[in-house]
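This report refers to the structure that appears directly beneath it.
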Amino acid sequence: MLDGYGRNISYLRISVTDRCNFRCVYCMPPQGREWLDHADILTYEELLRLIKVWNGEGVTKLRLTGGEPLVRKGLVAFIAAVKAQGGIEDISLTTNGSLLPPLAHDLKAAGLGRVNISLDTINPLRFAKLTTCGRLEDTLKGVESAMVAGLSPVKLNVVLTEALTMKDLAFFAELVYNYPIAVRFIEYMPIGGAGESRAPDIATVRKLLDQAGRAMLKPAGPVRGNGPAKYYRFPKAQGAFGFITPISEHFCGVCNRLRLTADGKLRPCLLSDKEIDIKTPLRSGASDRELVALFRAAVAAKPEGHTLCRASGFPDFGRSMSQIGG
């Protein structure tokens, strides 16, 4: 399925819930959000139907997000059902990792291939402040459980905030030397209600990593997955660093994804409020052909690129990151 700019749309990110056990400051407002009613969230049966229909339109890769996807009951069985339907080549999960240890092996057995785990700092106090209610030790246990279960490659998502310090970078440098982990630094996107950030920029982080790793980073090939990161490695390191720049050096020209929110809205672009309602027609008896038409409409509506930049400021978004699914 090609969009109007020749991009092959093969990747669907599905938010299975808007709920989360953390309250990260860049993801939702400090006061939190009013959760969706359960009746407003697409059921697993509805999601399975959409996946099957849209697989016929070229969707072969899925990423499950939230909120925190692991707070939704039945996720392991849902992944197994997706695999049983056939047609989906790759299923991955974005998580804060805190709930992963007792589920990692079952998720792998069900058909989950990979996980991305959010880890913005390894200082317990700064971690608790950034997540509002999270415990660093829980997320670190989640990282370990993912590696043991073979959910490979494990990728750590580090959103650049003022919490990041040289001690964090030294920890991440040691990690990629010793383990086949991809640590990805992501530019802060102010759509969670927290406003601007005093975070270091990507160029600064790269220079500091050269110091922390006592070697110069060298460009490297991509790490398995569907993401837009540009990767670099230290000599002889098992893992790699990735840099994701949605604002300063956007990658819209190669974007291959659509997003489905927990309440059934199909979004052609993360950084746009445009949505196409899927839930209403789905629950009103829409045929497979009609669901295909809605998918094609979303693909056709996908913009050439977003227009955000730090110089011109950021508009107010109708939803926070926790409501979109990232």
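Identifiers in the structure tokens: chain A, B, ... in order shown; residue index from 1 per chain; ligand index from 1 in order shown.
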
Please return as a ChimeraX atom specification: the residues of stretch 59-217 of chain A that backbone DSSP assigns to strand (DSSP E or B). /A:61-65,90-95,114-118,155-159,182-186

Stretch 229-263 of chain A near stretch 279-291 of chain A within 12 Å: what's each residue's closest atom pair and its distance in Å to one decimal, counting only C-alpha atoms, ordered by chain then ascending residue number, as CSV?
```
residue,atom,partner,partner_atom,distance
A:Leu260,CA,A:Lys279,CA,10.2
A:Thr261,CA,A:Lys279,CA,10.0
A:Ala262,CA,A:Lys279,CA,9.7
A:Asp263,CA,A:Lys279,CA,7.0
```

Taking C-alpha atoms for each residue, export the selection above as a JSON list (two decimals), in the first residue's frame.
```json
[["chain", "number", "residue", "atom", "x", "y", "z"],
["A", 260, "LEU", "CA", -4.57, 3.23, 15.90],
["A", 261, "THR", "CA", -5.59, 4.75, 19.22],
["A", 262, "ALA", "CA", -7.16, 2.73, 22.01],
["A", 263, "ASP", "CA", -10.55, 4.28, 21.29]]
```

Go through A:Gly150, A:Gly74, A:Gly221, A:Gly239 and flag the residue nearest A:Lys108, using only C-alpha atoms for the distances. A:Gly150

May I have the residues within 6 Å of stretch 134-144 of chain A as a ChimeraX atom specification, using only C-alpha atoms and disregarding those fewer than 2 positions away in the same chain? /A:22,97-98,100-101,124,128,131,146-147

Residues of the last selection are to be written out with C-alpha atoms, as a short mmCIF file (atom, residue, chain, number, x, y, z; two decimals), in the first residue's frame.
```
data_model
loop_
_atom_site.label_atom_id
_atom_site.label_comp_id
_atom_site.auth_asym_id
_atom_site.auth_seq_id
_atom_site.Cartn_x
_atom_site.Cartn_y
_atom_site.Cartn_z
CA PHE A 22 3.51 5.59 35.46
CA GLY A 97 9.33 -2.54 31.71
CA SER A 98 8.07 -2.51 35.28
CA LEU A 100 7.55 -7.32 32.34
CA PRO A 101 9.43 -9.83 34.59
CA PRO A 124 16.50 6.39 41.37
CA ALA A 128 10.93 8.64 40.42
CA THR A 131 7.86 9.01 36.09
CA ALA A 146 13.56 -9.30 28.36
CA MET A 147 17.14 -10.33 27.64
#
```

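The nearest approach to A:Met1 among the residues A:Ala229, A:Ile324, A:Ala297, A:Met216, with only C-alpha atoms taken into account, belongs to A:Ala297.
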
Counting only C-alpha atoms, which residue out of A:Asp210, A:Asp120, A:Glu45, A:Asp273 sits closest to A:Pro235? A:Asp210

Write out as an mmCIF file with C-alpha atoms, in the first residue's frame the residues lying within 12 Å of A:Ile122, counting only C-alpha atoms and excluding same-chain residues fewer than 3 positions away.
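Resulting contents of result05.cif:
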```
data_model
loop_
_atom_site.group_PDB
_atom_site.id
_atom_site.type_symbol
_atom_site.label_atom_id
_atom_site.label_comp_id
_atom_site.auth_asym_id
_atom_site.auth_seq_id
_atom_site.Cartn_x
_atom_site.Cartn_y
_atom_site.Cartn_z
ATOM 1 C CA SER A 118 11.692 3.317 28.393
ATOM 2 C CA LEU A 119 14.646 4.189 30.633
ATOM 3 C CA LEU A 125 15.413 9.824 42.620
ATOM 4 C CA ARG A 126 15.391 11.458 39.195
ATOM 5 C CA PHE A 127 13.645 8.391 37.766
ATOM 6 C CA ALA A 128 10.933 8.641 40.421
ATOM 7 C CA LYS A 129 10.472 12.356 39.737
ATOM 8 C CA LEU A 130 10.339 11.903 35.965
ATOM 9 C CA GLY A 134 7.855 4.583 39.046
ATOM 10 C CA ARG A 135 10.667 2.610 40.684
ATOM 11 C CA LEU A 136 13.961 2.290 38.798
ATOM 12 C CA GLU A 137 14.608 -1.220 40.129
ATOM 13 C CA ASP A 138 11.371 -2.488 38.563
ATOM 14 C CA THR A 139 12.322 -1.231 35.110
ATOM 15 C CA LEU A 140 15.871 -2.613 35.392
ATOM 16 C CA LEU A 156 16.097 1.150 25.496
ATOM 17 C CA VAL A 158 15.894 7.398 26.409
ATOM 18 C CA ALA A 163 17.332 14.358 34.087
ATOM 19 C CA LEU A 164 20.095 12.946 31.851
ATOM 20 C CA THR A 165 23.628 13.236 33.287
ATOM 21 C CA MET A 166 27.118 11.980 32.523
ATOM 22 C CA LYS A 167 26.594 9.148 35.014
ATOM 23 C CA ASP A 168 23.654 7.979 32.918
ATOM 24 C CA LEU A 169 25.715 8.147 29.737
ATOM 25 C CA ALA A 170 28.571 6.231 31.379
ATOM 26 C CA PHE A 171 26.073 3.535 32.427
ATOM 27 C CA PHE A 172 24.668 3.282 28.902
ATOM 28 C CA LEU A 175 25.834 -1.452 28.809
#
```

Atom CA of A:Cys269 and atom CA of A:Ala199 are how many Å apart? 24.4 Å

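All residues of protein, DNA or RNA that reach within 12 Å of A:Asn8, judged by only C-alpha atoms and not counting those fewer than 3 positions away in the chain, are Met1, Leu2, Asp3, Gly4, Tyr5, Tyr11, Leu12, Glu57, Gly58, Val59, Thr60, Lys61, Gly253, Val254, Cys255, Asn256, Arg257, Leu258, Val299, Ala300 and Lys302 of chain A.
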
Of A:Ala240, A:Cys27, A:Leu47, A:Ile41, the one nearest to A:Pro219 when counting only C-alpha atoms is A:Ala240

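For the set A:Pro69, A:Gly87, A:Val16, A:Asn55, the residue with the smallest atom-to-atom gap to A:Val115 is A:Pro69, counting only C-alpha atoms.
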
Please provide as a PyMOL selection string all residues within 12 Å of A:His38, with the sequence filter that same-chain residues fewer than 5 positions apart are discarded (counting only C-alpha atoms). chain A and resi 16-19+43-44+72-73+262-263

Give me the residues within 12 Å of A:Ala203 as a PDB file with C-alpha atoms, in the first residue's frame, counting only C-alpha atoms and dropping any in the same chain fewer than 3 places off.
```pdb
ATOM      1  CA  LEU A 160      16.193  13.512  26.326  1.00  0.00           C
ATOM      2  CA  PHE A 185      18.200   8.747  22.442  1.00  0.00           C
ATOM      3  CA  ILE A 186      14.977  10.471  21.393  1.00  0.00           C
ATOM      4  CA  GLU A 187      14.419  14.185  21.016  1.00  0.00           C
ATOM      5  CA  ALA A 199      17.291  18.682  27.715  1.00  0.00           C
ATOM      6  CA  PRO A 200      20.649  18.389  25.939  1.00  0.00           C
ATOM      7  CA  ARG A 206      26.946  12.262  20.963  1.00  0.00           C
ATOM      8  CA  LYS A 207      29.976  14.263  22.104  1.00  0.00           C
ATOM      9  CA  LEU A 208      29.413  13.268  25.733  1.00  0.00           C
ATOM     10  CA  LEU A 209      29.096   9.598  24.750  1.00  0.00           C
ATOM     11  CA  ASP A 210      32.491   9.752  23.046  1.00  0.00           C
ATOM     12  CA  PHE A 243      19.597   8.722  17.663  1.00  0.00           C
ATOM     13  CA  ILE A 244      16.002   9.651  16.817  1.00  0.00           C
ATOM     14  CA  THR A 245      15.375  13.243  15.733  1.00  0.00           C
ATOM     15  CA  SER A 248      15.493  18.782  14.291  1.00  0.00           C
ATOM     16  CA  GLU A 249      16.025  16.308  11.453  1.00  0.00           C
TER      17      GLU A 249
END
```

Just the number, please: distance in Å from atom CA of A:Arg114 to atom CA of A:Asp277, one decimal. 29.1 Å
